[in-house]
>>> print(open('model37.txt').read())   # compact mmCIF, C-alpha atoms
# COMPACT_ATOMS: atom_id res chain seq x y z
CA MET A 1 75.58 39.42 37.05
CA ALA A 2 74.56 41.64 34.13
CA THR A 3 72.95 44.95 34.99
CA TRP A 4 69.38 45.97 34.17
CA ARG A 5 70.54 48.20 31.32
CA GLY A 6 73.11 45.67 30.14
CA ARG A 7 70.57 42.90 29.78
CA ARG A 8 68.15 45.23 28.00
CA ALA A 9 70.85 46.27 25.53
CA ALA A 10 71.74 42.62 24.92
CA ALA A 11 68.10 41.89 24.14
CA ALA A 12 68.07 43.85 20.87
CA GLY A 13 66.53 41.72 18.14
CA VAL A 14 65.21 39.03 20.49
CA ALA A 15 63.28 40.74 23.25
CA ILE A 16 59.56 41.11 23.01
CA VAL A 17 59.70 44.06 25.40
CA ALA A 18 56.01 44.09 26.20
CA ALA A 19 56.43 47.20 28.34
CA LEU A 20 52.90 47.06 29.65
CA VAL A 21 51.69 48.68 32.82
CA CYS A 22 48.69 46.70 34.01
CA ALA A 23 45.83 47.89 36.15
CA VAL A 24 46.90 48.85 39.65
CA ALA A 25 45.58 47.11 42.75
CA PRO A 26 46.40 46.93 46.48
CA GLN A 27 49.55 44.99 47.32
CA ASP A 28 49.40 41.25 47.76
CA ALA A 29 49.85 39.79 51.25
CA PHE A 30 50.87 36.37 52.53
CA ALA A 31 48.19 33.71 52.72
CA ALA A 32 47.64 34.04 56.48
CA GLN A 33 46.85 37.73 56.08
CA ARG A 34 44.31 37.38 53.31
CA PRO A 35 40.58 38.04 53.85
CA ALA A 36 37.99 35.32 53.25
CA ALA A 37 37.62 34.19 49.64
CA GLY A 38 34.36 36.09 49.13
CA ASP A 39 35.70 39.36 50.46
CA ALA A 40 35.88 42.14 47.84
CA ALA A 41 39.22 43.35 49.21
CA GLY A 42 40.57 39.83 48.87
CA ARG A 43 39.57 39.72 45.20
CA ALA A 44 41.15 43.12 44.55
CA ARG A 45 44.33 41.98 46.24
CA GLU A 46 44.67 39.28 43.59
CA ALA A 47 44.19 41.60 40.63
CA ASP A 48 46.56 39.62 38.42
CA ALA A 49 43.70 37.09 38.37
CA SER A 50 45.46 34.57 40.58
CA SER A 51 43.83 32.24 43.04
CA GLY A 52 46.08 33.59 45.78
CA TRP A 53 47.06 30.10 46.92
CA THR A 54 50.58 30.00 48.31
CA LEU A 55 52.84 26.94 48.36
CA PRO A 56 54.86 25.93 51.43
CA SER A 57 58.08 27.93 51.38
CA ARG A 58 61.33 28.76 53.14
CA THR A 59 62.85 32.19 53.79
CA TYR A 60 66.58 32.84 54.11
CA THR A 61 69.18 35.54 53.50
CA ARG A 62 71.51 35.20 50.52
CA ALA A 63 75.23 35.95 50.65
CA ASP A 64 74.51 39.36 49.08
CA GLY A 65 72.31 40.28 52.05
CA VAL A 66 69.01 39.95 50.19
CA ARG A 67 66.22 38.16 52.05
CA VAL A 68 64.45 35.71 49.75
CA ARG A 69 61.52 33.34 49.92
CA GLU A 70 61.29 30.23 47.74
CA ALA A 71 58.54 27.66 47.24
CA ASP A 72 59.18 24.18 48.58
CA PRO A 73 60.66 22.25 45.62
CA ALA A 74 58.73 19.04 46.28
CA ALA A 75 55.38 20.82 46.63
CA LEU A 76 56.04 22.89 43.52
CA LYS A 77 57.08 19.84 41.50
CA ALA A 78 53.89 18.02 42.50
CA LEU A 79 51.76 21.03 41.53
CA VAL A 80 53.45 21.43 38.15
CA SER A 81 53.33 17.69 37.37
CA ALA A 82 49.60 17.51 38.08
CA ALA A 83 48.89 20.55 35.92
CA ALA A 84 51.10 19.30 33.07
CA ALA A 85 49.24 15.98 32.99
CA ALA A 86 45.98 17.81 32.32
CA ASN A 87 47.19 20.78 30.23
CA PRO A 88 49.82 21.09 27.50
CA GLY A 89 50.58 24.69 28.45
CA CYS A 90 50.41 27.62 26.06
CA GLY A 91 54.13 28.32 25.72
CA TYR A 92 55.03 30.96 23.18
CA GLU A 93 51.36 31.70 22.45
CA CYS A 94 51.17 33.38 25.86
CA GLU A 95 54.54 35.11 25.76
CA GLY A 96 54.08 38.87 25.85
CA GLN A 97 50.47 38.62 27.03
CA ASP A 98 48.88 39.98 30.22
CA PRO A 99 48.18 37.07 32.64
CA SER A 100 45.09 38.83 33.99
CA SER A 101 43.30 39.42 30.69
CA TYR A 102 44.60 37.01 28.04
CA TRP A 103 42.14 34.12 27.66
CA LEU A 104 42.90 30.63 26.37
CA HIS A 105 40.06 28.85 24.61
CA PRO A 106 40.38 25.05 24.80
CA ALA A 107 37.61 22.84 23.44
CA GLY A 108 34.41 22.55 25.41
CA GLY A 109 33.13 26.10 25.31
CA PRO A 110 33.39 29.09 27.66
CA SER A 111 33.19 27.00 30.83
CA ASN A 112 36.62 25.57 29.93
CA TRP A 113 38.27 28.89 29.03
CA TYR A 114 40.81 30.34 31.44
CA ARG A 115 43.47 32.97 32.01
CA CYS A 116 46.99 32.04 33.06
CA GLY A 117 46.61 34.18 36.17
CA ASP A 118 43.72 32.03 37.38
CA ASP A 119 45.96 29.33 38.87
CA ALA A 120 49.04 31.47 39.50
CA THR A 121 51.15 31.16 42.62
CA THR A 122 54.25 32.95 43.84
CA VAL A 123 57.30 30.69 43.53
CA ARG A 124 60.05 33.19 44.36
CA GLU A 125 60.28 36.47 46.29
CA ALA A 126 63.17 38.86 46.94
CA TYR A 127 63.10 41.77 49.40
CA LEU A 128 65.05 44.99 49.43
CA PRO A 129 68.08 44.76 51.73
CA GLY A 130 68.02 46.21 55.23
CA GLY A 131 64.93 44.46 56.55
CA SER A 132 62.54 46.10 54.08
CA SER A 133 59.09 44.63 53.48
CA THR A 134 59.21 45.72 49.82
CA LYS A 135 59.41 42.67 47.61
CA VAL A 136 59.38 41.50 44.02
CA GLU A 137 57.52 38.28 43.19
CA LEU A 138 58.06 35.69 40.49
CA ARG A 139 54.57 34.50 39.61
CA TYR A 140 54.03 31.17 37.87
CA SER A 141 51.07 29.47 36.19
CA PRO A 142 51.35 25.66 36.33
CA ARG A 143 48.56 25.27 33.79
CA CYS A 144 50.09 27.63 31.23
CA ARG A 145 53.74 27.06 32.20
CA THR A 146 54.37 30.79 32.05
CA ALA A 147 56.00 33.24 34.47
CA TRP A 148 55.83 36.97 35.16
CA THR A 149 56.90 39.55 37.74
CA ARG A 150 54.71 41.37 40.24
CA GLY A 151 55.71 44.22 42.54
CA THR A 152 55.08 47.74 43.76
CA THR A 153 54.46 50.53 41.24
CA PHE A 154 57.38 52.50 42.71
CA PHE A 155 59.77 50.18 40.87
CA TYR A 156 60.42 49.22 37.28
CA LEU A 157 59.77 45.50 36.89
CA ALA A 158 61.23 42.93 34.51
CA THR A 159 60.90 39.21 33.92
CA TYR A 160 64.03 37.66 32.44
CA SER A 161 63.96 34.34 30.63
CA TYR A 162 66.94 31.98 30.37
CA THR A 163 67.68 28.63 28.79
CA SER A 164 69.72 27.51 31.83
CA ARG A 165 69.21 27.66 35.60
CA THR A 166 72.75 28.86 36.36
CA THR A 167 74.75 29.97 33.31
CA PRO A 168 73.96 33.31 31.59
CA ASN A 169 72.15 31.94 28.49
CA TYR A 170 69.85 34.96 28.45
CA ARG A 171 66.87 34.62 26.06
CA THR A 172 64.38 37.50 26.34
CA TYR A 173 62.46 39.66 28.79
CA THR A 174 59.23 41.53 29.42
CA ASP A 175 59.01 44.67 31.55
CA SER A 176 56.69 47.22 33.10
CA GLY A 177 57.33 50.90 33.82
CA ARG A 178 57.04 52.56 37.22
CA ASN A 179 54.50 55.09 38.47
CA PRO A 180 55.82 56.88 41.57
CA ASN A 181 52.74 59.13 41.68
CA VAL A 182 50.44 56.49 43.16
CA PRO A 183 50.61 54.90 46.64
CA SER A 184 53.69 52.71 47.02
CA THR A 185 51.46 49.86 48.26
CA ASN A 186 49.93 49.54 44.78
CA ILE A 187 51.14 46.78 42.50
CA HIS A 188 51.65 46.10 38.82
CA TRP A 189 53.05 43.23 36.83
CA THR A 190 54.79 42.41 33.58
CA ALA A 191 53.60 40.43 30.62
CA MET A 192 54.32 36.70 30.63
CA VAL A 193 57.31 34.76 29.34
CA ASN A 194 57.20 31.12 28.30
CA ASP A 195 58.67 29.01 31.11
CA ALA A 196 58.18 25.50 29.69
CA GLY A 197 61.65 23.94 29.76
CA LEU A 198 63.07 27.40 30.50
CA TYR A 199 63.94 29.47 33.59
CA ALA A 200 62.63 32.86 34.68
CA SER A 201 63.76 35.46 37.21
CA ALA A 202 61.80 38.45 38.59
CA CYS A 203 63.55 41.79 39.06
CA MET A 204 62.69 45.25 40.35
CA TYR A 205 64.75 48.35 39.66
CA GLN A 206 64.87 51.98 40.73
CA ASP A 207 67.68 54.37 39.79
CA ASP A 208 68.89 55.25 43.29
CA LEU A 209 68.26 51.79 44.77
CA GLY A 210 69.66 49.56 42.04
CA GLU A 211 68.32 46.19 40.91
CA ASN A 212 67.03 43.32 43.05
CA CYS A 213 66.14 39.92 41.59
CA THR A 214 64.83 36.51 42.61
CA SER A 215 66.60 33.29 41.80
CA ARG A 216 65.50 31.52 38.61
CA TYR A 217 62.68 29.05 38.30
>>> encode(input="model37.txt", output="C-alpha cells")
Amino acid sequence: MATWRGRRAAAAGVAIVAALVCAVAPQDAFAAQRPAAGDAAGRAREADASSGWTLPSRTYTRADGVRVREADPAALKALVSAAAAANPGCGYECEGQDPSSYWLHPAGGPSNWYRCGDDATTVREAYLPGGSSTKVELRYSPRCRTAWTRGTTFFYLATYSYTSRTTPNYRTYTDSGRNPNVPSTNIHWTAMVNDAGLYASACMYQDDLGENCTSRY
C-alpha cells in the first residue's frame, strides 16, 4: 500500500488538493448516543451538515490489527439506488467543495436547494490499533454521489479517489491539515471527491503514529 507521502507525490498534475480545514465541532458519536433531533448539541455534533442517520453496520478486525466498521452492503445499495432514481448527482461539480457549505441549486427555487452534507451517512470507519476509540470516517452523500473524510483535528486527513475497488488505479485526493492546539475531541473534514462510478477511501495520518485508512467505497 502506498504511503501518505507517496500518494501525494504521485498526485502531481492531477490532484485538486483542496487542503481546507473546515469549522471545528464536537466529535460525532454513534446513533444510539446522539441527543434528540432538536437538541443544540446534537446539531453541533453534525457540523458537516449531515442528517446523522447511520446505516446498519458490522465491526470486525482486519488482518493488520485495525478495527473497522462498514455499512451493511444491502442497506447501502438500497439507499444509493433510491437517491440515484431521484437525483443525477453532482459529480465533478462538487469535487473539491466543502460538503457543509457548498449549495446545489436544482430547479424549483430555494426550497429545493441542498448541500451534499445534508443526507450524508458514514459508510466506513477505521480505528487506531490497540483498542483506541479514535477513528476516521468515510462520509458519503447518496444524493450527490460524493465522498469525504471526517476525523479528529489531531490528525491530518485525506480522501483518496480510485477508479477500481482493489487495484491501485489512484486518481486524486483532497486533504485537510491538523490542529493539535485544540481539544482532540474536535473534528474536521476534507473537501469532497466525486464517487459516482468511482471508489473512495478515508485516511488519517500523524507523523509518529503513521497512516490509518478505511477500505474503499
>>> residues_around(input="model37.txt", residues="stretch 160-164 of chain A", least_positions_apart="2", cutoff="8 Å", atoms="only C-alpha atoms", output="number ranges by chain")
A: 158, 166-174, 193-195, 197-203
>>> atom_distance(input="model37.txt", atom1="atom CA of A:Leu79", atom2="atom CA of A:Asp119")
10.5 Å
>>> residues_around(input="model37.txt", residues="A:Arg145", least_positions_apart="5", cutoff="9 Å", atoms="all atoms listed in the file", output="PyMOL selection string")
chain A and resi 80+83-84+88-91+116+140+193-197
>>> closest_residue(input="model37.txt", among="A:Thr134, A:Thr159, A:Thr146, A:Thr190", to="A:Glu95", atoms="all atoms listed in the file")
A:Thr146
>>> atom_distance(input="model37.txt", atom1="atom CA of A:Tyr92", atom2="atom CA of A:Glu211")
26.9 Å
>>> atom_distance(input="model37.txt", atom1="atom CA of A:Gly151", atom2="atom CA of A:Asn186")
8.2 Å
>>> residues_around(input="model37.txt", residues="A:Leu128", least_positions_apart="5", cutoff="10 Å", atoms="all atoms listed in the file", output="PDB file with C-alpha atoms, in the frame of the given file")
ATOM      1  CA  GLY A  65      72.310  40.280  52.050  1.00  0.00           C
ATOM      2  CA  VAL A  66      69.010  39.950  50.190  1.00  0.00           C
ATOM      3  CA  ARG A  67      66.220  38.160  52.050  1.00  0.00           C
ATOM      4  CA  VAL A  68      64.450  35.710  49.750  1.00  0.00           C
ATOM      5  CA  SER A 133      59.090  44.630  53.480  1.00  0.00           C
ATOM      6  CA  THR A 134      59.210  45.720  49.820  1.00  0.00           C
ATOM      7  CA  LYS A 135      59.410  42.670  47.610  1.00  0.00           C
ATOM      8  CA  VAL A 136      59.380  41.500  44.020  1.00  0.00           C
ATOM      9  CA  MET A 204      62.690  45.250  40.350  1.00  0.00           C
ATOM     10  CA  LEU A 209      68.260  51.790  44.770  1.00  0.00           C
ATOM     11  CA  GLY A 210      69.660  49.560  42.040  1.00  0.00           C
ATOM     12  CA  GLU A 211      68.320  46.190  40.910  1.00  0.00           C
ATOM     13  CA  ASN A 212      67.030  43.320  43.050  1.00  0.00           C
ATOM     14  CA  CYS A 213      66.140  39.920  41.590  1.00  0.00           C
TER      15      CYS A 213
END
>>> closest_residue(input="model37.txt", among="A:Asn181, A:Gln97, A:Ser132, A:Thr152", to="A:Tyr205", atoms="all atoms listed in the file")
A:Thr152
>>> closest_residue(input="model37.txt", among="A:Thr121, A:Ser141, A:Ser57, A:Ser215", to="A:Asn87", atoms="only C-alpha atoms")
A:Ser141
>>> closest_residue(input="model37.txt", among="A:Ala85, A:Cys94, A:Ala74, A:Cys144", to="A:Ala191", atoms="all atoms listed in the file")
A:Cys94
>>> axis_aligned_box(input="model37.txt", around="stretch 174-192 of chain A", padding_each_side="3 Å", output="AutoDock Vina command-line options")
--center_x 54.6 --center_y 47.9 --center_z 38.8 --size_x 15.3 --size_y 28.4 --size_z 24.8
>>> closest_residue(input="model37.txt", among="A:Arg115, A:Arg143, A:His105, A:Arg178", to="A:Phe155", atoms="only C-alpha atoms")
A:Arg178
>>> closest_residue(input="model37.txt", among="A:Trp103, A:Trp189, A:Ala78, A:Thr61", to="A:Gly130", atoms="all atoms listed in the file")
A:Thr61
>>> residues_around(input="model37.txt", residues="A:Arg139", least_positions_apart="5", cutoff="8 Å", atoms="only C-alpha atoms", output="ChimeraX atom specification")
/A:120-124,147-150
>>> write_last_selection(input="model37.txt", atoms="C-alpha atoms", output="compact mmCIF listing (two decimals), in the frame of the given file")
# COMPACT_ATOMS: atom_id res chain seq x y z
CA ALA A 120 49.04 31.47 39.50
CA THR A 121 51.15 31.16 42.62
CA THR A 122 54.25 32.95 43.84
CA VAL A 123 57.30 30.69 43.53
CA ARG A 124 60.05 33.19 44.36
CA ALA A 147 56.00 33.24 34.47
CA TRP A 148 55.83 36.97 35.16
CA THR A 149 56.90 39.55 37.74
CA ARG A 150 54.71 41.37 40.24
